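Trainee: Below is one structure. I have some questions about it.
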Amino acid sequence: MREKILFDYGWLFHRGDIKMPLPETKGIMYTSAKTERVHMGPAAVGYFAAADSYDNKLAHNPERWQAVTLPHDYVIDGVPDEHGNNALGFLKYDNAWYRKKFTVPESDLGRRITLLFEGVATHATVYLNGCLMKHNFCGYTTFEVDITDTLLYGEENVLAVYVNTEEHEGWWYEGGGIYRHVYLCKTDSTALDLWGIYVMPEKIGDDTWRLTVENTVRRDDKEERTVRTLTEISDGEGAIIATLEASGKVEPYGKVLLKSSCEVKAPHLWSLEDPYLYYCTTKVFVNDPVSGTEIQSDADKVHFGFRYVDIDPEKGLFVNGKHTVIKGVCGHADCGLTGKAVPDNIHREKVHMMKEMGANAYRTSHYPQAEALMDAFDELGMLVMDETRWFESTDEGLEQLTMLMKRDRNRPSVIFWSIGNEEPLFVTEQGRRICRRMMAHARKLDNSRVIMTANDKSPDKATVYDENDVIGINYNLHMYESVHEKYPNKAVFSSECCATGTTRGWYYPSDHTHGYLSAYDADTNNWFLGREKTWKFLRSHEWIMGGFQWIAFEHRGEAVWPRLCSQSGAIDLFMQKKDAFWQNKSLWTTEPMVHLFPHWNFCGREGELIRVSAYTNCDSVEFFLNGKSLGTRKVEQFGHAEWQVEYVSGIIEVKAYRDGKFVASDKRETSGAAYRLALRLENKEELCAGGRDLALVTCYVLDKEGREVPDASPFVRFTTDGNGKIHSTGSDICDHTNLLLPDRRMRAGRITAAVCTGNDKGEMRVYAEADSLLTASIAIKIK
């Protein structure tokens with residue numbers, strides 16, 4: 001039967017190319033991408049990958065090799081350099097080797113054994129026992145390596161992975177290493193293929209659905225076999241609601257697609273508000289020619305959902321018949337506290353934060369993202385625009401598209417397939433041909449979703465729009481109407497917008513010398529427009545389906561020194577909410593809220609006028625200074641309220657009203673001097689022992705009266721009780737010290753500490769201390 005074994009432990013890592021003498025050549029081998037094909041034949045690589053002498057000289061040398069656990073991003077463990085590549089985050093990119101020994105028992109002989117790499121940045125070459133097994137040319141795609149024939153059963157095997165970061169695929173932080181999970185997969189020689197279950201729910205009546213299941217069964221042996229698939233459909237409570245069967249013959253070392261269907265009455269629909277999932281379990285049975293009996297050889301399970309999507313060129317998007325405006329955000333796959341190697345629980349925390357902000361959709365810009373993140377969208381309820389990395393109709397480009405679609409086509413969250421982003425070819429005849437072939441290829445894999453491109457190049461002249469099902473426009477708000485007139489039968493939405501930058505807690509004018517941008521919403525230029533202006537435009541026409549704001553979280557790269565990251569995020573690099581987070585919440589949610597800013601710690605600026613703003617989804621707000629009302633302001637839809645207030649210490653407060661009824665308030669108070677540290681756990685979900693989860697702990701400062709000190713800047717030292725470890729700390733986007741240090745200078749009253757859970761269930765305690773301040777402690781439950 002099927003086994004999927006997490007293969008993240010027991011790796012050795014070496015950063016940099018390796019130079020060593022080879023007995024075969026008596027020369028020097030440089031294991032770089034340019035020379036490995038010349039010098040690294042099976043014998044040479046075998047020396048590297050398997051020789052005991054190599055173990056003794058290199059693998060056990062702590063100065064050159066270190067033990068690591070995957071996922072692993074080695075580039076993030078560096079110090080930013082002003083002369084480094086600004087697009088890639090100012091960090092040094094090296095090549096590297098990973099190496100792992102493992103044993104597969106003799107009892108597995110006759111089974112199919114594969115390795116599944118979810119993601120390696122950027123180019124990867126995989127060797128087993130000295131044999132070159134696989135080249136992977138994209139740092140964002142999942143790839144499978146069949147090692148069945150090369151394995152030594154019952155003996156020690158040596159797996160080596162060479163990572164090359166010399167070529168980059170993007171203009172953002174790309175990291176380096178095996179940064180997603182690796183699995184050792186074992187199946188019978190007759191089994192379901194990778195992503196071999198495809199479930200297609202189709203609404204055919206008011207309460208009637210046709211459910212079609214395609215099972216791809218493969219045979220990895222020399223004889224033909226007759227196979228039967230038994231598919232069980234179960235609801236979220238585990239009750240089986242349908243059973244399907246199909247049978248056929250599978251040729252030696254071949255595949256067969258077995259298709260079956262049934263009708264389902266009145267299923268529980270998946271929606272943003274109620275992301276209800278069903279499950280499809282397929283069992284494979286094969287006829288044993290010796291005994292003449294049928295035996296089960298495999299079983300696998302996927303989740304899916306019943307939901308239907310309608311897109312009207314004049315009225316927009318409808319999910320299950322409900323008009324739905326896309327309140328979307330784009331996102332890169334990294335995290336400011338971890339680099340590219342993001343723990344599964346942090347992917348889920350990011351989804352919780354986006355939903356809290358009011359976002360209902362996510363764009364996987366600009367490549368396939370982690371399975372854990374995609375699972376969270378299905379389970380927590382967000383729509384997804386799923387994007388491939390390469391806009392190419394080459395074999396490689398189509399293979400990447402195939403990987404994305406086969407992996408994600410069962411997901412109810414996915415409603416768009418995006419086959420490219422901001423390609424110059426989008427306005428050429430060459431681009432049209434590429435688009436046409438990619439779309440035809442995609443239709444064979446899934447014909448239930450619309451296909452589009454995200455284009456910023458002269459939208460009125462884009463040849464790809466002639467082929468696309470819907471029109472995705474990046475920026476270019478001034479061209480929407482002309483594009484809509486040109487394509488009246490195709491729906492339009494913003495596939496990327498805003499990208500206006502703000503810095504958390506910076507309430508002065510933008511200071512490019514110090515790297516900080518004003519926290520107030522504004523147009524960066526005619527291209528990157530403010531959130532308010534952009535959203536007002538997108539909501540001004542019913543035919544615009546909404547849009548995807550750039551970007552949910554600040555990300556490394558695309559930066560100008562001394563800043564290390566883009567400032568477009570509504571949430572900062574270290575997962576602290578910016579004022580822009582609350583602005584989005586005011587634009588995208590209906591539950592009454594109001595957010596007042598800035599803080600009110602401007603001692604020394606008495607008598608100056610301070611710009612005070614309130615983001616709200618209410619129709620009027622009243623402002624108070626030290627208890628005295630300064631009047632009520634009407635707030636237009638998707639607008640905000642603003643005052644120029646002469647600074648005097650004390651309390652500013654705002655009360656929000658709907659139809660004259662008080663519904664929400666917010667206030668800021670001048671604090672006293674910093675007195676003690678405080679800690680707060682930010683995770684929405686429970687933390688598990690075992691060292692794979694990260695706790696997100698916010699450190700802040702209080703005065704003697706218990707008031708927060710929003711401009712505090714102590715140097716804070718973090719530690720734990722031993723049942724956990726400080727993984728990283730972050731506060732200032734212009735801090736050029738190593739991210740993985742446990743000590744950090746605070747900026748604007750906040751530090752985030754990412755704490756790796758320990759092995760013991762029960763409790764983990766985290767401490768924070770700083771000179772002249774009382775120490776803080778927090779107990780965190782670990783299950």
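Residue numbers start at 1 in each chain; chains themselves are named A, B, ... in the order of the structure tokens; ligands are numbered from 1 in the order shown.
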Can you pull out every residue within 8 Å of range 328-333 of chain A, counting only C-alpha atoms, but drop anything in the same chain fewer than 2 positions away, and send it as a list in words?
Mentor: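 Neighbouring residues, sequence-local ones excluded: Ile326, Cys335, Lys340, Val342, Ala359, Asn360, Ala361, Tyr362, Arg363, Thr364, Ser365, His366, Gln369, Ala370, Glu496, Gly546, Gly547, Phe548, Gln549, Trp550, Ile551, Ala552, Phe553 and His555 of chain A.
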Trainee: Check the DSSP output for the backbone and give back, as a short mmCIF file (atom, residue, chain, number, x, y, z; two decimals) with all heavy atoms, in the first residue's frame, the residues of range 660-758 of chain A in strand (DSSP E or B).
Mentor:
```
data_model
loop_
_atom_site.label_atom_id
_atom_site.label_comp_id
_atom_site.auth_asym_id
_atom_site.auth_seq_id
_atom_site.Cartn_x
_atom_site.Cartn_y
_atom_site.Cartn_z
N LYS A 661 -26.29 56.54 14.72
CA LYS A 661 -26.12 55.67 15.87
C LYS A 661 -24.65 55.35 16.09
O LYS A 661 -23.94 54.96 15.17
CB LYS A 661 -26.91 54.37 15.65
CG LYS A 661 -26.83 53.41 16.82
CD LYS A 661 -27.62 52.13 16.52
CE LYS A 661 -27.50 51.13 17.68
NZ LYS A 661 -28.26 49.88 17.39
N PHE A 662 -24.20 55.53 17.33
CA PHE A 662 -22.81 55.24 17.68
C PHE A 662 -22.56 53.73 17.58
O PHE A 662 -23.26 52.92 18.17
CB PHE A 662 -22.51 55.72 19.09
CG PHE A 662 -21.21 55.21 19.66
CD1 PHE A 662 -20.00 55.65 19.13
CD2 PHE A 662 -21.19 54.29 20.69
CE1 PHE A 662 -18.80 55.18 19.64
CE2 PHE A 662 -20.00 53.81 21.21
CZ PHE A 662 -18.79 54.26 20.68
N VAL A 663 -21.50 53.33 16.81
CA VAL A 663 -21.26 51.91 16.57
C VAL A 663 -19.81 51.47 16.80
O VAL A 663 -19.55 50.27 16.93
CB VAL A 663 -21.68 51.51 15.13
CG1 VAL A 663 -23.19 51.55 14.96
CG2 VAL A 663 -21.00 52.41 14.09
N ALA A 664 -18.84 52.39 16.85
CA ALA A 664 -17.45 51.99 17.01
C ALA A 664 -16.62 53.18 17.46
O ALA A 664 -17.02 54.35 17.26
CB ALA A 664 -16.88 51.44 15.68
N SER A 665 -15.47 52.90 18.06
CA SER A 665 -14.58 53.98 18.51
C SER A 665 -13.14 53.49 18.53
O SER A 665 -12.87 52.28 18.51
CB SER A 665 -14.99 54.49 19.90
OG SER A 665 -14.79 53.47 20.87
N ASP A 666 -12.23 54.43 18.59
CA ASP A 666 -10.81 54.13 18.72
C ASP A 666 -10.14 55.35 19.35
O ASP A 666 -10.62 56.48 19.20
CB ASP A 666 -10.20 53.84 17.35
CG ASP A 666 -8.86 53.11 17.44
OD1 ASP A 666 -8.55 52.58 18.53
OD2 ASP A 666 -8.13 53.06 16.43
N LYS A 667 -9.04 55.13 20.07
CA LYS A 667 -8.36 56.27 20.68
C LYS A 667 -6.87 56.01 20.80
O LYS A 667 -6.41 54.87 20.74
CB LYS A 667 -8.94 56.57 22.06
CG LYS A 667 -8.66 55.53 23.13
CD LYS A 667 -9.24 55.98 24.47
CE LYS A 667 -8.95 54.95 25.57
NZ LYS A 667 -9.51 55.40 26.88
N ARG A 668 -6.11 57.10 20.96
CA ARG A 668 -4.67 57.06 21.19
C ARG A 668 -4.37 57.97 22.36
O ARG A 668 -4.95 59.06 22.48
CB ARG A 668 -3.90 57.52 19.95
CG ARG A 668 -4.16 56.69 18.70
CD ARG A 668 -3.53 55.31 18.81
NE ARG A 668 -3.85 54.48 17.63
CZ ARG A 668 -4.84 53.62 17.58
NH1 ARG A 668 -5.63 53.46 18.65
NH2 ARG A 668 -5.09 52.92 16.50
N GLU A 669 -3.42 57.54 23.20
CA GLU A 669 -3.11 58.30 24.41
C GLU A 669 -1.60 58.49 24.52
O GLU A 669 -0.82 57.56 24.26
CB GLU A 669 -3.64 57.56 25.63
CG GLU A 669 -3.43 58.31 26.94
CD GLU A 669 -4.10 57.63 28.12
OE1 GLU A 669 -4.78 56.60 27.91
OE2 GLU A 669 -3.96 58.15 29.25
N ARG A 676 8.28 48.73 31.25
CA ARG A 676 8.44 47.29 31.21
C ARG A 676 8.11 46.76 29.82
O ARG A 676 7.38 47.38 29.05
CB ARG A 676 7.56 46.61 32.25
CG ARG A 676 6.06 46.74 32.03
CD ARG A 676 5.29 46.09 33.18
NE ARG A 676 3.86 46.24 33.07
CZ ARG A 676 3.06 45.35 32.48
NH1 ARG A 676 3.57 44.26 31.92
NH2 ARG A 676 1.76 45.54 32.42
N LEU A 677 8.66 45.59 29.53
CA LEU A 677 8.35 44.90 28.28
C LEU A 677 7.09 44.07 28.46
O LEU A 677 6.73 43.69 29.57
CB LEU A 677 9.51 43.98 27.87
CG LEU A 677 10.85 44.64 27.55
CD1 LEU A 677 11.91 43.57 27.31
CD2 LEU A 677 10.74 45.56 26.35
N ALA A 678 6.42 43.77 27.35
CA ALA A 678 5.26 42.91 27.36
C ALA A 678 5.31 42.01 26.12
O ALA A 678 5.90 42.39 25.09
CB ALA A 678 3.97 43.72 27.37
N LEU A 679 4.71 40.82 26.22
CA LEU A 679 4.70 39.85 25.13
C LEU A 679 3.27 39.41 24.85
O LEU A 679 2.46 39.27 25.77
CB LEU A 679 5.55 38.63 25.47
CG LEU A 679 7.06 38.88 25.68
CD1 LEU A 679 7.73 37.61 26.16
CD2 LEU A 679 7.72 39.38 24.40
N ARG A 680 2.99 39.16 23.57
CA ARG A 680 1.66 38.72 23.16
C ARG A 680 1.81 37.66 22.05
O ARG A 680 2.54 37.86 21.09
CB ARG A 680 0.84 39.90 22.65
CG ARG A 680 -0.56 39.53 22.17
CD ARG A 680 -1.37 40.77 21.78
NE ARG A 680 -0.81 41.47 20.64
CZ ARG A 680 -0.37 42.73 20.67
NH1 ARG A 680 -0.41 43.43 21.79
NH2 ARG A 680 0.12 43.29 19.59
N LEU A 681 1.10 36.54 22.21
CA LEU A 681 1.11 35.51 21.18
C LEU A 681 0.11 35.88 20.10
O LEU A 681 -1.05 36.19 20.40
CB LEU A 681 0.75 34.15 21.79
CG LEU A 681 0.69 32.97 20.82
CD1 LEU A 681 2.07 32.65 20.27
CD2 LEU A 681 0.08 31.74 21.50
N LEU A 687 -0.50 25.43 18.58
CA LEU A 687 0.86 25.08 18.20
C LEU A 687 1.15 23.64 18.62
O LEU A 687 0.70 23.18 19.66
CB LEU A 687 1.85 26.03 18.88
CG LEU A 687 1.79 27.48 18.40
CD1 LEU A 687 2.39 28.41 19.42
CD2 LEU A 687 2.50 27.62 17.06
N LEU A 694 6.06 27.45 14.27
CA LEU A 694 6.62 28.69 14.80
C LEU A 694 5.53 29.46 15.55
O LEU A 694 4.42 29.65 15.03
CB LEU A 694 7.17 29.58 13.69
CG LEU A 694 8.52 29.25 13.08
CD1 LEU A 694 8.91 30.33 12.08
CD2 LEU A 694 9.60 29.11 14.14
N ALA A 695 5.87 29.89 16.76
CA ALA A 695 5.02 30.83 17.49
C ALA A 695 5.43 32.24 17.10
O ALA A 695 6.62 32.56 17.03
CB ALA A 695 5.19 30.63 18.99
N LEU A 696 4.45 33.08 16.83
CA LEU A 696 4.69 34.49 16.52
C LEU A 696 4.39 35.31 17.76
O LEU A 696 3.25 35.41 18.20
CB LEU A 696 3.81 34.94 15.35
CG LEU A 696 4.01 34.18 14.04
CD1 LEU A 696 2.98 34.62 13.00
CD2 LEU A 696 5.43 34.38 13.50
N VAL A 697 5.43 35.88 18.33
CA VAL A 697 5.31 36.60 19.59
C VAL A 697 5.65 38.06 19.37
O VAL A 697 6.75 38.39 18.90
CB VAL A 697 6.23 35.99 20.67
CG1 VAL A 697 6.12 36.79 21.97
CG2 VAL A 697 5.89 34.52 20.90
N THR A 698 4.71 38.94 19.69
CA THR A 698 4.93 40.38 19.58
C THR A 698 5.46 40.90 20.91
O THR A 698 4.88 40.65 21.97
CB THR A 698 3.65 41.13 19.22
OG1 THR A 698 3.24 40.76 17.90
CG2 THR A 698 3.86 42.63 19.26
N CYS A 699 6.57 41.62 20.85
CA CYS A 699 7.14 42.30 22.01
C CYS A 699 6.84 43.79 21.89
O CYS A 699 7.08 44.39 20.83
CB CYS A 699 8.64 42.07 22.09
SG CYS A 699 9.45 42.89 23.48
N TYR A 700 6.30 44.36 22.95
CA TYR A 700 6.01 45.79 22.97
C TYR A 700 6.35 46.34 24.35
O TYR A 700 6.79 45.59 25.24
CB TYR A 700 4.57 46.08 22.58
CG TYR A 700 3.52 45.36 23.40
CD1 TYR A 700 2.77 46.03 24.36
CD2 TYR A 700 3.25 44.00 23.18
CE1 TYR A 700 1.80 45.36 25.10
CE2 TYR A 700 2.28 43.34 23.91
CZ TYR A 700 1.56 44.02 24.87
OH TYR A 700 0.60 43.37 25.61
N VAL A 701 6.16 47.63 24.56
CA VAL A 701 6.62 48.31 25.78
C VAL A 701 5.45 49.04 26.43
O VAL A 701 4.63 49.66 25.74
CB VAL A 701 7.76 49.30 25.46
CG1 VAL A 701 8.20 50.04 26.72
CG2 VAL A 701 8.95 48.56 24.84
N LEU A 702 5.38 48.96 27.76
CA LEU A 702 4.35 49.66 28.52
C LEU A 702 4.99 50.65 29.48
O LEU A 702 6.13 50.45 29.93
CB LEU A 702 3.51 48.66 29.32
CG LEU A 702 2.77 47.59 28.51
CD1 LEU A 702 2.07 46.62 29.45
CD2 LEU A 702 1.78 48.21 27.54
N GLU A 708 0.60 51.55 26.33
CA GLU A 708 1.63 51.16 25.36
C GLU A 708 2.46 52.37 24.95
O GLU A 708 1.93 53.48 24.76
CB GLU A 708 0.99 50.52 24.14
CG GLU A 708 1.99 49.93 23.18
CD GLU A 708 1.36 49.08 22.09
OE1 GLU A 708 0.16 48.74 22.21
OE2 GLU A 708 2.07 48.76 21.12
N PHE A 715 16.78 47.90 23.04
CA PHE A 715 17.43 46.71 22.49
C PHE A 715 16.99 45.53 23.34
O PHE A 715 17.22 45.49 24.55
CB PHE A 715 18.95 46.86 22.52
CG PHE A 715 19.67 45.75 21.82
CD1 PHE A 715 19.84 45.77 20.44
CD2 PHE A 715 20.16 44.66 22.53
CE1 PHE A 715 20.50 44.74 19.78
CE2 PHE A 715 20.83 43.63 21.88
CZ PHE A 715 20.99 43.67 20.51
N VAL A 716 16.33 44.55 22.72
CA VAL A 716 15.67 43.48 23.45
C VAL A 716 16.37 42.15 23.18
O VAL A 716 16.73 41.84 22.04
CB VAL A 716 14.17 43.38 23.06
CG1 VAL A 716 13.48 42.29 23.88
CG2 VAL A 716 13.47 44.72 23.25
N ARG A 717 16.52 41.37 24.26
CA ARG A 717 17.13 40.05 24.17
C ARG A 717 16.06 39.00 24.48
O ARG A 717 15.38 39.08 25.51
CB ARG A 717 18.29 39.95 25.15
CG ARG A 717 19.40 40.96 24.88
CD ARG A 717 20.48 40.94 25.95
NE ARG A 717 19.99 41.39 27.26
CZ ARG A 717 19.91 42.66 27.63
NH1 ARG A 717 20.26 43.62 26.77
NH2 ARG A 717 19.45 42.98 28.83
N PHE A 718 15.93 38.02 23.59
CA PHE A 718 14.90 36.98 23.73
C PHE A 718 15.54 35.64 24.06
O PHE A 718 16.63 35.32 23.56
CB PHE A 718 14.09 36.84 22.44
CG PHE A 718 13.29 38.06 22.07
CD1 PHE A 718 13.85 39.04 21.27
CD2 PHE A 718 11.99 38.21 22.51
CE1 PHE A 718 13.11 40.17 20.91
CE2 PHE A 718 11.26 39.33 22.17
CZ PHE A 718 11.82 40.31 21.36
N THR A 719 14.85 34.84 24.86
CA THR A 719 15.28 33.48 25.12
C THR A 719 14.05 32.65 25.52
O THR A 719 12.94 33.19 25.63
CB THR A 719 16.35 33.43 26.23
OG1 THR A 719 16.93 32.12 26.28
CG2 THR A 719 15.77 33.79 27.59
N THR A 720 14.26 31.35 25.71
CA THR A 720 13.15 30.46 26.09
C THR A 720 13.57 29.63 27.30
O THR A 720 14.72 29.68 27.75
CB THR A 720 12.78 29.51 24.94
OG1 THR A 720 13.77 28.49 24.83
CG2 THR A 720 12.65 30.25 23.62
N GLY A 724 11.89 25.04 23.37
CA GLY A 724 11.69 25.93 22.24
C GLY A 724 12.97 26.68 21.95
O GLY A 724 13.91 26.67 22.75
N LYS A 725 13.00 27.34 20.82
CA LYS A 725 14.20 28.06 20.42
C LYS A 725 13.81 29.30 19.62
O LYS A 725 12.91 29.26 18.79
CB LYS A 725 15.08 27.14 19.55
CG LYS A 725 16.38 27.78 19.08
CD LYS A 725 17.19 26.82 18.21
CE LYS A 725 18.47 27.47 17.71
NZ LYS A 725 19.24 26.57 16.83
N ILE A 726 14.51 30.40 19.89
CA ILE A 726 14.28 31.61 19.10
C ILE A 726 14.81 31.37 17.70
O ILE A 726 16.01 31.16 17.51
CB ILE A 726 14.97 32.83 19.74
CG1 ILE A 726 14.55 33.01 21.20
CG2 ILE A 726 14.66 34.09 18.94
CD1 ILE A 726 13.07 33.22 21.41
N HIS A 727 13.91 31.39 16.73
CA HIS A 727 14.32 31.15 15.33
C HIS A 727 14.81 32.44 14.69
O HIS A 727 15.85 32.45 14.01
CB HIS A 727 13.14 30.60 14.53
CG HIS A 727 13.43 30.45 13.07
ND1 HIS A 727 14.16 29.41 12.57
CD2 HIS A 727 13.09 31.23 12.00
CE1 HIS A 727 14.27 29.55 11.25
NE2 HIS A 727 13.63 30.64 10.89
N SER A 728 14.08 33.54 14.88
CA SER A 728 14.45 34.80 14.26
C SER A 728 13.72 35.93 14.97
O SER A 728 12.76 35.70 15.71
CB SER A 728 14.09 34.80 12.76
OG SER A 728 12.69 34.62 12.59
N THR A 729 14.18 37.15 14.72
CA THR A 729 13.53 38.35 15.27
C THR A 729 13.56 39.44 14.21
O THR A 729 14.46 39.48 13.38
CB THR A 729 14.25 38.84 16.53
OG1 THR A 729 15.64 39.05 16.23
CG2 THR A 729 14.13 37.84 17.67
N GLY A 730 12.57 40.33 14.25
CA GLY A 730 12.54 41.41 13.27
C GLY A 730 11.70 42.57 13.73
O GLY A 730 10.69 42.40 14.41
N ASP A 743 18.50 38.64 19.44
CA ASP A 743 18.48 39.99 20.03
C ASP A 743 18.20 41.00 18.94
O ASP A 743 18.70 40.88 17.82
CB ASP A 743 19.82 40.30 20.70
CG ASP A 743 20.28 39.19 21.64
OD1 ASP A 743 19.40 38.56 22.25
OD2 ASP A 743 21.50 38.98 21.76
N ARG A 744 17.42 42.04 19.28
CA ARG A 744 16.99 42.96 18.23
C ARG A 744 16.68 44.34 18.80
O ARG A 744 16.08 44.46 19.86
CB ARG A 744 15.72 42.40 17.56
CG ARG A 744 15.26 43.14 16.33
CD ARG A 744 16.17 42.91 15.16
NE ARG A 744 16.44 41.51 14.92
CZ ARG A 744 17.33 41.07 14.04
NH1 ARG A 744 18.02 41.94 13.32
NH2 ARG A 744 17.53 39.77 13.87
N ARG A 745 17.06 45.37 18.04
CA ARG A 745 16.66 46.74 18.36
C ARG A 745 15.23 46.95 17.89
O ARG A 745 14.88 46.65 16.76
CB ARG A 745 17.60 47.73 17.67
CG ARG A 745 17.17 49.19 17.74
CD ARG A 745 17.33 49.77 19.13
NE ARG A 745 18.73 49.77 19.57
CZ ARG A 745 19.12 50.16 20.78
NH1 ARG A 745 18.22 50.55 21.68
NH2 ARG A 745 20.41 50.12 21.10
N ARG A 747 11.98 49.06 16.68
CA ARG A 747 11.60 50.30 16.01
C ARG A 747 10.08 50.42 16.04
O ARG A 747 9.36 49.45 15.84
CB ARG A 747 12.09 50.34 14.55
CG ARG A 747 11.92 51.72 13.90
CD ARG A 747 12.03 51.68 12.39
NE ARG A 747 10.86 51.06 11.80
CZ ARG A 747 9.70 51.70 11.60
NH1 ARG A 747 9.53 52.95 11.99
NH2 ARG A 747 8.69 51.04 11.05
N ARG A 750 7.55 47.85 18.26
CA ARG A 750 7.21 46.45 18.01
C ARG A 750 8.45 45.66 17.58
O ARG A 750 9.24 46.10 16.76
CB ARG A 750 6.18 46.33 16.89
CG ARG A 750 4.79 46.80 17.19
CD ARG A 750 4.01 45.71 17.94
NE ARG A 750 2.58 45.99 17.92
CZ ARG A 750 1.96 46.86 18.70
NH1 ARG A 750 2.67 47.56 19.55
NH2 ARG A 750 0.65 47.03 18.62
N ILE A 751 8.56 44.45 18.12
CA ILE A 751 9.47 43.43 17.59
C ILE A 751 8.65 42.15 17.49
O ILE A 751 7.86 41.82 18.38
CB ILE A 751 10.68 43.16 18.50
CG1 ILE A 751 11.54 44.42 18.68
CG2 ILE A 751 11.53 42.01 17.95
CD1 ILE A 751 12.69 44.21 19.65
N THR A 752 8.84 41.40 16.42
CA THR A 752 8.26 40.07 16.32
C THR A 752 9.37 39.06 16.54
O THR A 752 10.41 39.13 15.89
CB THR A 752 7.61 39.82 14.96
OG1 THR A 752 6.69 40.87 14.67
CG2 THR A 752 6.88 38.49 14.95
N ALA A 753 9.12 38.13 17.45
CA ALA A 753 10.03 37.00 17.64
C ALA A 753 9.34 35.74 17.13
O ALA A 753 8.21 35.43 17.53
CB ALA A 753 10.38 36.85 19.12
N ALA A 754 10.01 35.04 16.23
CA ALA A 754 9.52 33.76 15.75
C ALA A 754 10.19 32.68 16.57
O ALA A 754 11.42 32.56 16.57
CB ALA A 754 9.83 33.59 14.26
N VAL A 755 9.39 31.89 17.28
CA VAL A 755 9.92 30.92 18.24
C VAL A 755 9.53 29.52 17.79
O VAL A 755 8.35 29.20 17.65
CB VAL A 755 9.38 31.19 19.66
CG1 VAL A 755 10.09 30.29 20.66
CG2 VAL A 755 9.56 32.66 20.03
N CYS A 756 10.54 28.68 17.59
CA CYS A 756 10.31 27.31 17.18
C CYS A 756 9.92 26.47 18.39
O CYS A 756 10.59 26.51 19.43
CB CYS A 756 11.59 26.77 16.54
SG CYS A 756 11.44 25.10 15.89
N THR A 757 8.83 25.74 18.27
CA THR A 757 8.38 24.92 19.39
C THR A 757 9.37 23.80 19.69
O THR A 757 10.09 23.32 18.82
CB THR A 757 7.01 24.30 19.10
OG1 THR A 757 7.10 23.48 17.93
CG2 THR A 757 5.95 25.37 18.90
#
```
Trainee: Can you build me a table of range 117-233 of chain A residues sitting at most 6 Å from range 107-111 of chain A, with the closest atom pair per residue and its distance in Å to one decimal, using only C-alpha atoms, sorted by chain and residue number, as JSON lines?
Mentor:
```
{"residue": "A:Thr187", "atom": "CA", "partner": "A:Arg111", "partner_atom": "CA", "distance": 5.7}
{"residue": "A:Asp188", "atom": "CA", "partner": "A:Arg111", "partner_atom": "CA", "distance": 4.7}
{"residue": "A:Ser189", "atom": "CA", "partner": "A:Arg111", "partner_atom": "CA", "distance": 5.1}
```
Trainee: Report, in Å to a single decimal, how far apart CA of Glu606 in chain A and CA of Gly505 in chain A are.
Mentor: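 Straight-line distance from CA of Gly505 in chain A to CA of Glu606 in chain A works out to 19.5 Å.
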Trainee: Find the residues around Lys203 in chain A up to 12 Å (only C-alpha atoms counted), leave out those fewer than 6 positions away in its own chain, and share them as a PyMOL selection string.
Mentor: chain A and resi 209-212+263-267+269+305-310+320-321+448
Trainee: For Ala96 in chain A, work out the shell of residues within 12 Å, counting only C-alpha atoms and skipping chain neighbours fewer than 5 positions away, then give it as a VMD selection string.
Mentor: chain A and resid 12 to 18 31 to 33 64 to 66 72 to 75 120 to 125 160 to 166 175 to 178
Trainee: Please provide the set of residues having any atom within 12 Å of Asp395 in chain A, restricted to only C-alpha atoms, with same-chain residues fewer than 5 positions apart removed, written as a short mmCIF file (atom, residue, chain, number, x, y, z; two decimals) with N, CA, C and O atoms, in the first residue's frame.
Mentor:
```
data_model
loop_
_atom_site.label_atom_id
_atom_site.label_comp_id
_atom_site.auth_asym_id
_atom_site.auth_seq_id
_atom_site.Cartn_x
_atom_site.Cartn_y
_atom_site.Cartn_z
N PHE A 137 14.56 22.88 -13.56
CA PHE A 137 15.00 24.20 -14.00
C PHE A 137 14.14 25.35 -13.47
O PHE A 137 14.32 26.48 -13.89
N TRP A 390 6.38 30.26 -15.91
CA TRP A 390 6.93 30.56 -17.22
C TRP A 390 5.82 30.69 -18.26
O TRP A 390 5.02 29.77 -18.44
N GLN A 400 5.58 22.74 -16.59
CA GLN A 400 5.33 23.53 -15.39
C GLN A 400 3.84 23.83 -15.23
O GLN A 400 3.29 23.75 -14.12
N LEU A 401 3.18 24.16 -16.31
CA LEU A 401 1.74 24.41 -16.27
C LEU A 401 0.99 23.13 -15.88
O LEU A 401 0.04 23.18 -15.09
N THR A 402 1.42 22.01 -16.41
CA THR A 402 0.79 20.74 -16.08
C THR A 402 0.92 20.45 -14.59
O THR A 402 -0.04 20.03 -13.94
N ILE A 434 1.93 31.68 -28.38
CA ILE A 434 2.27 31.00 -27.13
C ILE A 434 1.03 30.86 -26.26
O ILE A 434 0.74 29.79 -25.72
N ARG A 437 -1.44 28.18 -27.55
CA ARG A 437 -1.03 26.80 -27.29
C ARG A 437 -1.14 26.46 -25.80
O ARG A 437 -1.57 25.36 -25.43
N MET A 438 -0.74 27.39 -24.94
CA MET A 438 -0.82 27.14 -23.50
C MET A 438 -2.28 26.96 -23.06
O MET A 438 -2.59 26.08 -22.24
N HIS A 441 -3.52 23.58 -24.13
CA HIS A 441 -2.96 22.57 -23.23
C HIS A 441 -3.71 22.57 -21.90
O HIS A 441 -4.04 21.51 -21.36
#
```
